[in-house]
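Participant: One file is attached below, work-v4.cif, containing mmCIF, C-alpha atoms.
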```cif
data_coords
#
loop_
_atom_site.label_atom_id
_atom_site.label_comp_id
_atom_site.auth_asym_id
_atom_site.auth_seq_id
_atom_site.Cartn_x
_atom_site.Cartn_y
_atom_site.Cartn_z
CA MET A 1 0.00 0.00 0.00
CA SER A 2 1.46 3.35 -0.96
CA ALA A 3 0.30 6.81 0.04
CA GLU A 4 -0.83 7.34 -3.55
CA THR A 5 -2.98 4.22 -3.74
CA MET A 6 -4.47 4.83 -0.31
CA THR A 7 -6.92 7.45 -1.48
CA LYS A 8 -9.87 8.67 0.52
CA LEU A 9 -12.18 6.51 -1.55
CA ASP A 10 -10.09 3.45 -0.73
CA LEU A 11 -10.37 4.07 2.98
CA LYS A 12 -14.13 4.29 2.82
CA ALA A 13 -14.24 1.12 0.74
CA LEU A 14 -11.99 -0.60 3.31
CA ILE A 15 -14.20 0.47 6.22
CA THR A 16 -17.28 -0.77 4.36
CA ALA A 17 -15.64 -4.09 3.48
CA VAL A 18 -14.47 -4.70 7.05
CA ALA A 19 -17.87 -3.78 8.53
CA ASP A 20 -19.60 -6.05 5.99
CA LYS A 21 -17.25 -8.92 6.80
CA VAL A 22 -17.72 -8.57 10.56
CA ALA A 23 -21.51 -8.33 10.17
CA ALA A 24 -21.60 -11.40 7.93
CA HIS A 25 -19.64 -13.43 10.48
CA ALA A 26 -21.08 -11.97 13.69
CA GLU A 27 -23.05 -15.11 14.51
CA GLU A 28 -20.05 -17.34 13.86
CA LEU A 29 -17.88 -15.18 16.15
CA THR A 30 -20.51 -15.25 18.84
CA ALA A 31 -20.78 -19.04 18.57
CA LEU A 32 -17.00 -19.34 19.00
CA ASP A 33 -17.19 -17.04 22.02
CA GLN A 34 -20.09 -18.98 23.53
CA ALA A 35 -17.84 -22.03 23.55
CA ILE A 36 -14.95 -20.50 25.49
CA GLY A 37 -15.86 -16.93 26.48
CA ASP A 38 -18.88 -14.90 27.47
CA GLY A 39 -20.65 -15.19 24.13
CA ASP A 40 -20.78 -11.58 23.04
CA HIS A 41 -17.78 -11.21 20.73
CA GLY A 42 -19.70 -11.22 17.44
CA LEU A 43 -22.28 -8.74 18.65
CA ASN A 44 -19.61 -6.49 20.18
CA MET A 45 -17.44 -6.46 17.05
CA LYS A 46 -20.45 -5.82 14.85
CA ARG A 47 -21.59 -2.90 17.01
CA GLY A 48 -18.09 -1.41 16.90
CA PHE A 49 -17.56 -1.66 13.15
CA GLU A 50 -21.11 -0.46 12.43
CA ALA A 51 -20.26 2.63 14.50
CA VAL A 52 -17.11 3.09 12.40
CA ARG A 53 -19.16 2.63 9.23
CA ALA A 54 -21.62 5.30 10.37
CA ASP A 55 -18.70 7.78 10.53
CA ALA A 56 -16.96 6.48 7.40
CA ASP A 57 -17.22 9.70 5.36
CA GLN A 58 -15.88 11.81 8.20
CA ILE A 59 -13.09 9.33 8.95
CA ALA A 60 -12.09 8.89 5.30
CA ALA A 61 -11.71 12.67 4.94
CA LYS A 62 -8.86 12.68 7.49
CA PRO A 63 -5.18 12.00 6.77
CA LEU A 64 -4.53 8.27 7.20
CA PRO A 65 -2.85 8.40 10.66
CA GLU A 66 -5.70 10.54 12.00
CA ALA A 67 -8.26 8.27 10.35
CA LEU A 68 -6.74 5.21 12.02
CA LYS A 69 -6.78 6.96 15.40
CA ALA A 70 -10.44 7.89 14.87
CA ILE A 71 -11.26 4.26 14.06
CA GLY A 72 -9.37 3.10 17.16
CA THR A 73 -11.14 5.57 19.44
CA LYS A 74 -14.51 4.59 18.01
CA LEU A 75 -13.78 0.89 18.62
CA VAL A 76 -12.60 1.57 22.18
CA MET A 77 -15.82 3.41 22.93
CA THR A 78 -18.27 1.07 21.24
CA VAL A 79 -17.01 -2.54 21.13
CA GLY A 80 -17.05 -3.09 24.87
CA GLY A 81 -15.59 -6.08 26.65
CA ALA A 82 -11.85 -6.51 26.55
CA SER A 83 -11.98 -6.57 22.74
CA GLY A 84 -12.72 -2.83 22.53
CA PRO A 85 -9.43 -1.70 24.06
CA LEU A 86 -7.49 -4.46 22.29
CA PHE A 87 -8.75 -3.88 18.75
CA GLY A 88 -8.94 -0.14 19.44
CA THR A 89 -5.32 -0.05 20.58
CA MET A 90 -4.26 -1.81 17.39
CA PHE A 91 -5.69 1.02 15.24
CA LEU A 92 -4.65 3.81 17.64
CA ALA A 93 -1.07 2.53 17.72
CA LEU A 94 -0.97 1.94 13.97
CA GLY A 95 -2.08 5.54 13.41
CA LYS A 96 0.64 6.73 15.77
CA GLU A 97 3.42 4.60 14.28
CA LEU A 98 2.67 5.05 10.58
CA PRO A 99 5.67 6.67 8.86
CA ALA A 100 5.25 9.85 6.81
CA GLU A 101 6.66 8.12 3.73
CA LEU A 102 4.37 5.14 3.56
CA ASP A 103 5.62 2.07 1.75
CA ARG A 104 5.05 -1.61 2.33
CA ALA A 105 8.11 -2.14 4.55
CA GLY A 106 7.25 0.96 6.57
CA PHE A 107 3.69 -0.24 7.00
CA ALA A 108 4.87 -3.67 8.15
CA THR A 109 7.21 -2.08 10.72
CA ALA A 110 4.43 0.18 12.02
CA PHE A 111 2.05 -2.78 12.14
CA GLY A 112 4.65 -4.69 14.19
CA LYS A 113 4.79 -1.85 16.71
CA ALA A 114 0.99 -1.73 16.84
CA ILE A 115 0.94 -5.45 17.65
CA GLU A 116 3.39 -4.82 20.49
CA ALA A 117 0.98 -2.19 21.83
CA VAL A 118 -1.86 -4.75 21.72
CA ALA A 119 0.33 -7.29 23.55
CA ALA A 120 1.14 -4.68 26.22
CA ARG A 121 -2.52 -3.71 26.59
CA GLY A 122 -3.56 -7.34 27.04
CA LYS A 123 -0.42 -8.27 29.06
CA SER A 124 -0.25 -11.22 26.71
CA GLU A 125 2.19 -12.93 24.40
CA VAL A 126 2.16 -15.35 21.50
CA GLY A 127 0.88 -18.89 22.19
CA GLN A 128 -1.80 -17.96 24.73
CA LYS A 129 -4.74 -18.50 22.34
CA THR A 130 -5.46 -14.86 21.58
CA MET A 131 -5.68 -12.46 18.63
CA LEU A 132 -1.89 -12.11 18.90
CA ASP A 133 -1.53 -15.65 17.53
CA VAL A 134 -2.82 -14.36 14.20
CA LEU A 135 -1.39 -10.84 14.31
CA TYR A 136 2.24 -11.92 14.65
CA PRO A 137 2.24 -14.42 11.74
CA VAL A 138 0.37 -11.93 9.52
CA GLN A 139 2.95 -9.24 10.27
CA ALA A 140 5.84 -11.64 9.63
CA THR A 141 4.33 -12.74 6.32
CA MET A 142 3.73 -9.13 5.32
CA ALA A 143 7.27 -8.10 6.29
CA ALA A 144 8.67 -10.99 4.22
CA GLY A 145 7.02 -9.48 1.13
CA ALA A 146 4.32 -12.09 0.61
CA SER A 147 1.37 -11.48 -1.69
CA GLY A 148 -2.09 -10.59 -0.45
CA VAL A 149 -3.30 -14.13 -1.08
CA GLU A 150 -0.40 -15.53 0.93
CA ILE A 151 -1.10 -13.11 3.79
CA VAL A 152 -4.75 -14.22 3.93
CA ALA A 153 -3.66 -17.87 3.88
CA ALA A 154 -1.23 -17.19 6.73
CA ALA A 155 -3.98 -15.51 8.75
CA ASP A 156 -6.42 -18.39 8.25
CA ALA A 157 -3.76 -20.99 9.08
CA ALA A 158 -2.76 -19.08 12.20
CA ALA A 159 -6.38 -18.87 13.39
CA GLU A 160 -6.69 -22.66 12.84
CA LYS A 161 -3.60 -23.16 15.00
CA THR A 162 -5.39 -21.62 17.99
CA VAL A 163 -7.80 -24.60 18.02
CA PRO A 164 -5.53 -27.03 19.92
CA MET A 165 -4.08 -24.30 22.15
CA LYS A 166 -4.95 -24.03 25.82
CA ALA A 167 -5.95 -20.46 26.71
CA SER A 168 -3.80 -18.75 29.31
CA ARG A 169 -5.07 -15.17 28.93
CA GLY A 170 -8.56 -13.73 28.85
CA ARG A 171 -11.86 -15.21 29.90
CA ALA A 172 -11.15 -18.51 28.12
CA SER A 173 -8.24 -19.13 30.51
CA PHE A 174 -10.79 -19.75 33.30
CA LEU A 175 -11.74 -22.92 31.43
CA GLY A 176 -8.23 -24.40 31.47
CA ASP A 177 -8.12 -27.61 29.43
CA ARG A 178 -11.73 -27.12 28.35
CA SER A 179 -10.58 -24.23 26.16
CA ILE A 180 -8.81 -26.76 23.94
CA ASP A 181 -10.46 -27.80 20.63
CA HIS A 182 -12.09 -24.41 20.03
CA MET A 183 -10.86 -21.64 17.76
CA ASP A 184 -10.16 -18.39 19.58
CA PRO A 185 -12.82 -15.81 18.59
CA GLY A 186 -10.34 -12.91 18.66
CA ALA A 187 -7.96 -14.83 16.40
CA ARG A 188 -10.81 -15.54 13.99
CA SER A 189 -11.80 -11.86 14.00
CA VAL A 190 -8.29 -10.79 13.04
CA ALA A 191 -8.25 -13.32 10.19
CA LEU A 192 -11.57 -11.90 8.95
CA LEU A 193 -10.29 -8.31 9.10
CA VAL A 194 -7.17 -9.30 7.15
CA ARG A 195 -9.27 -11.05 4.52
CA ALA A 196 -11.61 -8.05 4.13
CA VAL A 197 -8.68 -5.65 3.75
CA VAL A 198 -6.85 -7.80 1.19
CA GLU A 199 -10.01 -8.52 -0.82
CA THR A 200 -10.66 -4.79 -1.06
CA ALA A 201 -7.17 -3.40 -1.49
CA GLY A 202 -6.00 -6.33 -3.63
CA GLU A 203 -2.26 -6.74 -4.06
CA ASP A 204 -1.75 -3.16 -2.88
CA ALA A 205 -2.56 -4.25 0.65
CA MET B 1 -12.61 17.35 48.75
CA SER B 2 -9.00 16.47 49.40
CA ASN B 3 -9.50 12.80 50.22
CA VAL B 4 -8.55 10.22 47.59
CA GLY B 5 -11.51 9.22 45.41
CA ILE B 6 -12.67 5.64 44.87
CA VAL B 7 -14.04 4.23 41.60
CA ILE B 8 -15.66 0.80 41.43
CA VAL B 9 -15.74 -0.94 38.02
CA SER B 10 -17.62 -4.23 37.74
CA HIS B 11 -19.02 -6.17 34.80
CA SER B 12 -22.32 -6.08 36.69
CA PRO B 13 -24.01 -2.80 37.60
CA LEU B 14 -25.60 -4.61 40.55
CA VAL B 15 -22.21 -5.65 41.92
CA ALA B 16 -20.79 -2.16 41.38
CA GLU B 17 -23.72 -0.39 43.02
CA GLY B 18 -23.87 -2.89 45.88
CA THR B 19 -20.16 -2.45 46.52
CA ALA B 20 -20.62 1.32 46.53
CA ASP B 21 -23.44 0.93 49.08
CA MET B 22 -21.11 -1.00 51.37
CA VAL B 23 -18.44 1.68 51.00
CA ARG B 24 -20.95 4.44 51.79
CA GLN B 25 -22.07 2.62 54.91
CA MET B 26 -18.44 2.47 56.10
CA VAL B 27 -17.26 5.98 55.24
CA GLY B 28 -20.36 8.08 54.58
CA ASP B 29 -19.66 11.02 52.33
CA GLU B 30 -16.06 11.50 53.41
CA VAL B 31 -14.71 10.04 50.19
CA PRO B 32 -15.55 10.94 46.57
CA LEU B 33 -17.09 7.75 45.21
CA ALA B 34 -18.41 6.59 41.85
CA TRP B 35 -19.25 3.27 40.26
CA CYS B 36 -20.00 1.88 36.86
CA GLY B 37 -20.93 -1.52 35.50
CA GLY B 38 -22.43 -3.10 32.43
CA ASN B 39 -21.52 -2.81 28.78
CA GLY B 40 -23.69 0.25 28.14
CA HIS B 41 -26.13 -1.84 26.11
CA GLY B 42 -27.96 -3.57 28.93
CA GLY B 43 -25.60 -6.52 29.19
CA LEU B 44 -22.76 -7.51 31.49
CA GLY B 45 -19.43 -5.92 30.71
CA THR B 46 -17.42 -2.78 31.17
CA ASN B 47 -17.27 0.32 29.07
CA VAL B 48 -14.46 2.85 28.67
CA GLU B 49 -16.73 5.88 28.37
CA ALA B 50 -18.58 4.98 31.57
CA ILE B 51 -15.28 4.43 33.41
CA MET B 52 -14.02 7.85 32.27
CA GLY B 53 -17.29 9.35 33.54
CA ALA B 54 -16.94 7.62 36.92
CA ILE B 55 -13.36 8.88 37.28
CA ASP B 56 -14.59 12.42 36.59
CA LYS B 57 -17.33 12.05 39.16
CA ALA B 58 -14.99 10.74 41.88
CA TRP B 59 -12.15 13.05 40.91
CA SER B 60 -9.97 14.38 43.69
CA GLU B 61 -6.73 16.34 43.46
CA ALA B 62 -5.37 13.76 45.91
CA GLY B 63 -5.95 11.10 43.23
CA VAL B 64 -8.32 8.27 42.45
CA ALA B 65 -8.04 4.54 43.23
CA ILE B 66 -9.96 2.18 40.93
CA LEU B 67 -11.17 -1.25 42.04
CA VAL B 68 -12.03 -3.75 39.30
CA ASP B 69 -13.41 -7.28 39.04
CA LEU B 70 -12.52 -9.46 36.02
CA GLY B 71 -9.81 -8.91 33.39
CA GLY B 72 -11.88 -6.83 30.97
CA ALA B 73 -12.61 -4.33 33.73
CA GLU B 74 -8.88 -3.88 34.25
CA THR B 75 -8.12 -3.59 30.52
CA ASN B 76 -10.93 -1.08 30.00
CA SER B 77 -9.87 0.91 33.08
CA GLU B 78 -6.29 1.10 31.78
CA MET B 79 -7.62 2.33 28.46
CA ALA B 80 -9.79 4.94 30.22
CA VAL B 81 -6.82 6.23 32.23
CA GLU B 82 -4.74 6.46 29.06
CA MET B 83 -7.49 8.38 27.26
CA ILE B 84 -7.86 10.80 30.18
CA GLY B 85 -4.16 11.44 29.74
CA GLU B 86 -1.66 13.48 31.73
CA PRO B 87 -1.55 15.27 34.08
CA ARG B 88 -4.55 13.51 35.66
CA ALA B 89 -3.48 10.00 34.61
CA ALA B 90 -0.49 10.17 36.99
CA LYS B 91 -2.94 10.48 39.88
CA ILE B 92 -5.05 7.43 38.99
CA VAL B 93 -4.14 3.91 40.12
CA ILE B 94 -5.89 0.64 39.28
CA CYS B 95 -5.67 -1.56 42.38
CA ASN B 96 -4.80 -5.23 42.34
CA ALA B 97 -7.31 -6.30 44.98
CA PRO B 98 -10.66 -8.09 45.35
CA ILE B 99 -13.31 -5.57 44.35
CA VAL B 100 -15.55 -5.54 47.44
CA GLU B 101 -12.93 -5.87 50.16
CA GLY B 102 -10.55 -3.62 48.22
CA ALA B 103 -13.11 -0.86 47.81
CA VAL B 104 -14.14 -0.90 51.47
CA MET B 105 -10.56 -1.00 52.79
CA ALA B 106 -9.29 1.60 50.33
CA ALA B 107 -12.20 3.95 51.12
CA THR B 108 -11.70 3.53 54.86
CA GLU B 109 -8.03 4.43 54.46
CA ALA B 110 -8.92 7.34 52.16
CA SER B 111 -11.50 8.71 54.63
CA GLY B 112 -8.69 9.34 57.12
CA GLY B 113 -6.89 11.57 54.65
CA ALA B 114 -4.30 9.01 53.54
CA SER B 115 -2.29 9.61 50.36
CA LEU B 116 -3.06 7.76 47.12
CA ARG B 117 0.03 5.61 47.70
CA GLU B 118 -1.19 4.59 51.15
CA VAL B 119 -4.73 3.91 49.92
CA VAL B 120 -3.45 1.69 47.11
CA ALA B 121 -1.04 -0.13 49.46
CA THR B 122 -3.94 -0.93 51.81
CA ALA B 123 -5.95 -2.43 48.95
CA HIS B 124 -2.96 -4.40 47.68
CA GLU B 125 -2.41 -6.01 51.10
CA LEU B 126 -5.60 -7.97 50.41
CA SER B 127 -4.08 -9.73 47.41
CA PRO B 128 -1.70 -12.65 47.82
CA ALA B 129 1.72 -11.63 46.53
#
```
Could you rewrite the structure in this file as structure tokens?

Facilitator:
Amino acid sequence: MSAETMTKLDLKALITAVADKVAAHAEELTALDQAIGDGDHGLNMKRGFEAVRADADQIAAKPLPEALKAIGTKLVMTVGGASGPLFGTMFLALGKELPAELDRAGFATAFGKAIEAVAARGKSEVGQKTMLDVLYPVQATMAAGASGVEIVAAADAAAEKTVPMKASRGRASFLGDRSIDHMDPGARSVALLVRAVVETAGEDA
Amino acid sequence: MSNVGIVIVSHSPLVAEGTADMVRQMVGDEVPLAWCGGNGHGGLGTNVEAIMGAIDKAWSEAGVAILVDLGGAETNSEMAVEMIGEPRAAKIVICNAPIVEGAVMAATEASGGASLREVVATAHELSPA
């Protein structure tokens, strides 16, 4: 993604695509969360991204870093649960870290820093059956120069890998061994967001 | 008021309000006190905007101690403190203590004019190291 290709129209299209994707999978996310969490993840994510969609014109009119911060703030305020601050922090930090001269490598580096901010917010690390288990592999694949299709495949594979994991952070960790054999809802959400972005932005993503 | 303020953040508005009732019974109106609970949409959960509002309501120049229940309450409280920003953020501490006992003990300490550091230390004594 370059600064030139990331036009205002693109950003609105991205917001729409992500909100559509989350809405289409809200029931699936909730079902995953009912298995190992408190069963509101799909509804919460949908509420958050619908709120972002409602402000899409206003957000898309801002410079990209400001737009990302606006998305993050909106998610923090509307998603609720622990997901609000976690997904919100990802966008807030990405907006903060984005370099002035935006190229793919610069984006990947900023994305890496944003993931660190999410890890700090959740006091979590890789392997604990969380959204981080998808974020890190996606960032690594992106940094290695993979294509959009490869990035989506990496995200889906990483979400699958959370199935046999035992949760050690978040509500699912209360379940101990019973958290095994279920995909982490947050991991699935990240994979869906990645897919929506790549499908919309194509190989520019 | 110069006493440290107490904020109670629970996933359940009933737990938060009930805890606040217990605190009031112990310390009366000597301590600025606010509570919030619920996801803002009628369900269980915590909500950053509501936490920021509760911090405002219980604000004291001596600082504010926040008592939380489950993990999401802590994460959302941290986010709220960050969004409030400096200089006030430096005077807000999220306590690592059981919510009911922590709130009552912290408020009792605060009602005697203790500093934020002392109030937080009293709450933390309730948690196993």

Participant: With the file shown as input, list the residues that the PyMOL selection byres ((chain A) within 9 of (chain B)) selects, as a PyMOL selection string.

Facilitator: chain A and resi 76-86+89+121-122+170-171

Participant: What lies within 7 Å of stretch 175-184 of chain A using only C-alpha atoms, ignoring chain neighbours under 6 positions off, as a JSON list (two decimals) with C-alpha atoms, keeping the file's coordinate frame?

Facilitator:
```
[["chain", "number", "residue", "atom", "x", "y", "z"],
["A", 32, "LEU", "CA", -17.00, -19.34, 19.00],
["A", 36, "ILE", "CA", -14.95, -20.50, 25.49],
["A", 129, "LYS", "CA", -4.74, -18.50, 22.34],
["A", 130, "THR", "CA", -5.46, -14.86, 21.58],
["A", 159, "ALA", "CA", -6.38, -18.87, 13.39],
["A", 160, "GLU", "CA", -6.69, -22.66, 12.84],
["A", 162, "THR", "CA", -5.39, -21.62, 17.99],
["A", 163, "VAL", "CA", -7.80, -24.60, 18.02],
["A", 164, "PRO", "CA", -5.53, -27.03, 19.92],
["A", 165, "MET", "CA", -4.08, -24.30, 22.15],
["A", 166, "LYS", "CA", -4.95, -24.03, 25.82],
["A", 167, "ALA", "CA", -5.95, -20.46, 26.71]]
```

Participant: Determine, counting only C-alpha atoms, every residue of protein, DNA or RNA that lies within 7 Å of (-16.7, 3.3, 55.2) in the file coordinates, then give the result as a PyMOL selection string.

Facilitator: chain B and resi 23-28+104+107-108

Participant: Can you tell me how far atom CA of A:Thr16 sits from atom CA of A:Gly145, in Å to one decimal?

Facilitator: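 Spanning atom CA of A:Thr16 to atom CA of A:Gly145 is a straight-line distance of 26.0 Å.
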
Participant: Show me, as a list in words, the residues that have an atom within 6 Å of stretch 17-28 of chain A when counting all atoms listed in the file, minus same-chain residues fewer than 5 positions from it.

Facilitator: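 Selected residues are Gly42, Lys46, Phe49, Leu193 and Ala196 of chain A.
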
Participant: Store the residues of this selection in a file with C-alpha atoms, as a CSV table (one decimal), keeping the file's coordinate frame.

Facilitator:
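Final file, result22.csv:
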```csv
chain,number,residue,atom,x,y,z
A,42,GLY,CA,-19.7,-11.2,17.4
A,46,LYS,CA,-20.4,-5.8,14.8
A,49,PHE,CA,-17.6,-1.7,13.2
A,193,LEU,CA,-10.3,-8.3,9.1
A,196,ALA,CA,-11.6,-8.0,4.1
```

Participant: Report, in Å to a single decimal, how far apart atom CA of A:Gly72 and atom CA of B:Pro87 are.

Facilitator: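 Computed distance, atom CA of B:Pro87 to atom CA of A:Gly72, equals 22.3 Å.
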
Participant: Rank B:Glu118, B:Asp69, B:Glu101, B:Glu125 by their smallest atom-to-atom distance to B:Ser10, using only C-alpha atoms, and report the top residue only.

Facilitator: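 The answer is B:Asp69, which sits nearest to B:Ser10.
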
Participant: Report the distance between atom CA of A:Ala143 and atom CA of A:Asp103 in Å, rounded to one decimal place.

Facilitator: 11.3 Å

Participant: For the point (-8.6, 7.7, 19.3) in file coordinates, what residues are within 12 Å, counting all atoms listed in the file? Give the answer as a VMD selection string?

Facilitator: (chain A and resid 52 59 65 to 78 84 to 85 87 to 96) or (chain B and resid 79 to 80 82 to 85)

Participant: Nearest to A:Asp38: which of A:Ala154, A:Tyr136, A:Pro185, A:Glu97 is it, counting all atoms listed in the file?

Facilitator: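 Closest to A:Asp38 of all the choices is A:Pro185.
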
Participant: Spell out the residues picked by the PyMOL selection byres ((chain A and resi 105) around 10) here, as a compact mmCIF listing (two decimals) with C-alpha atoms, keeping the file's coordinate frame.

Facilitator:
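What follows is the written file result-v2.txt:
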```txt
# COMPACT_ATOMS: atom_id res chain seq x y z
CA MET A 1 0.00 0.00 0.00
CA LEU A 102 4.37 5.14 3.56
CA ASP A 103 5.62 2.07 1.75
CA ARG A 104 5.05 -1.61 2.33
CA GLY A 106 7.25 0.96 6.57
CA PHE A 107 3.69 -0.24 7.00
CA ALA A 108 4.87 -3.67 8.15
CA THR A 109 7.21 -2.08 10.72
CA ALA A 110 4.43 0.18 12.02
CA PHE A 111 2.05 -2.78 12.14
CA MET A 142 3.73 -9.13 5.32
CA ALA A 143 7.27 -8.10 6.29
CA ALA A 144 8.67 -10.99 4.22
CA GLY A 145 7.02 -9.48 1.13
```

Participant: Quick one: stretch 12-20 of chain B from the block, all heavy atoms, as a short mmCIF file (atom, residue, chain, number, x, y, z; two decimals), in the first residue's frame.

Facilitator:
```
data_model
loop_
_atom_site.label_atom_id
_atom_site.label_comp_id
_atom_site.auth_asym_id
_atom_site.auth_seq_id
_atom_site.Cartn_x
_atom_site.Cartn_y
_atom_site.Cartn_z
N SER B 12 -20.90 -6.13 36.33
CA SER B 12 -22.32 -6.08 36.69
C SER B 12 -22.63 -4.77 37.39
O SER B 12 -22.02 -4.45 38.41
CB SER B 12 -22.65 -7.26 37.62
OG SER B 12 -23.81 -6.97 38.37
N PRO B 13 -23.62 -4.01 36.89
CA PRO B 13 -24.01 -2.80 37.60
C PRO B 13 -24.50 -3.08 39.01
O PRO B 13 -24.32 -2.27 39.91
CB PRO B 13 -25.14 -2.21 36.73
CG PRO B 13 -25.51 -3.26 35.75
CD PRO B 13 -24.39 -4.23 35.66
N LEU B 14 -25.09 -4.26 39.21
CA LEU B 14 -25.60 -4.61 40.55
C LEU B 14 -24.45 -4.79 41.53
O LEU B 14 -24.51 -4.35 42.68
CB LEU B 14 -26.44 -5.89 40.48
CG LEU B 14 -27.71 -5.81 39.63
CD1 LEU B 14 -28.39 -7.18 39.54
CD2 LEU B 14 -28.67 -4.78 40.22
N VAL B 15 -23.38 -5.47 41.06
CA VAL B 15 -22.21 -5.65 41.92
C VAL B 15 -21.57 -4.30 42.22
O VAL B 15 -21.21 -4.00 43.37
CB VAL B 15 -21.18 -6.59 41.26
CG1 VAL B 15 -19.85 -6.57 42.02
CG2 VAL B 15 -21.73 -8.02 41.19
N ALA B 16 -21.44 -3.47 41.20
CA ALA B 16 -20.79 -2.16 41.38
C ALA B 16 -21.58 -1.29 42.35
O ALA B 16 -21.02 -0.70 43.28
CB ALA B 16 -20.65 -1.46 40.02
N GLU B 17 -22.89 -1.24 42.15
CA GLU B 17 -23.72 -0.39 43.02
C GLU B 17 -23.75 -0.94 44.44
O GLU B 17 -23.68 -0.18 45.42
CB GLU B 17 -25.14 -0.28 42.45
CG GLU B 17 -25.98 0.72 43.20
CD GLU B 17 -27.37 0.91 42.60
OE1 GLU B 17 -27.75 0.11 41.72
OE2 GLU B 17 -28.05 1.86 43.02
N GLY B 18 -23.85 -2.27 44.54
CA GLY B 18 -23.87 -2.89 45.88
C GLY B 18 -22.57 -2.65 46.63
O GLY B 18 -22.57 -2.39 47.84
N THR B 19 -21.45 -2.72 45.90
CA THR B 19 -20.16 -2.45 46.52
C THR B 19 -20.10 -1.00 47.00
O THR B 19 -19.63 -0.71 48.11
CB THR B 19 -19.02 -2.75 45.52
OG1 THR B 19 -19.15 -4.09 45.06
CG2 THR B 19 -17.65 -2.57 46.17
N ALA B 20 -20.60 -0.11 46.16
CA ALA B 20 -20.62 1.32 46.53
C ALA B 20 -21.48 1.54 47.77
O ALA B 20 -21.12 2.34 48.65
CB ALA B 20 -21.12 2.16 45.36
#
```
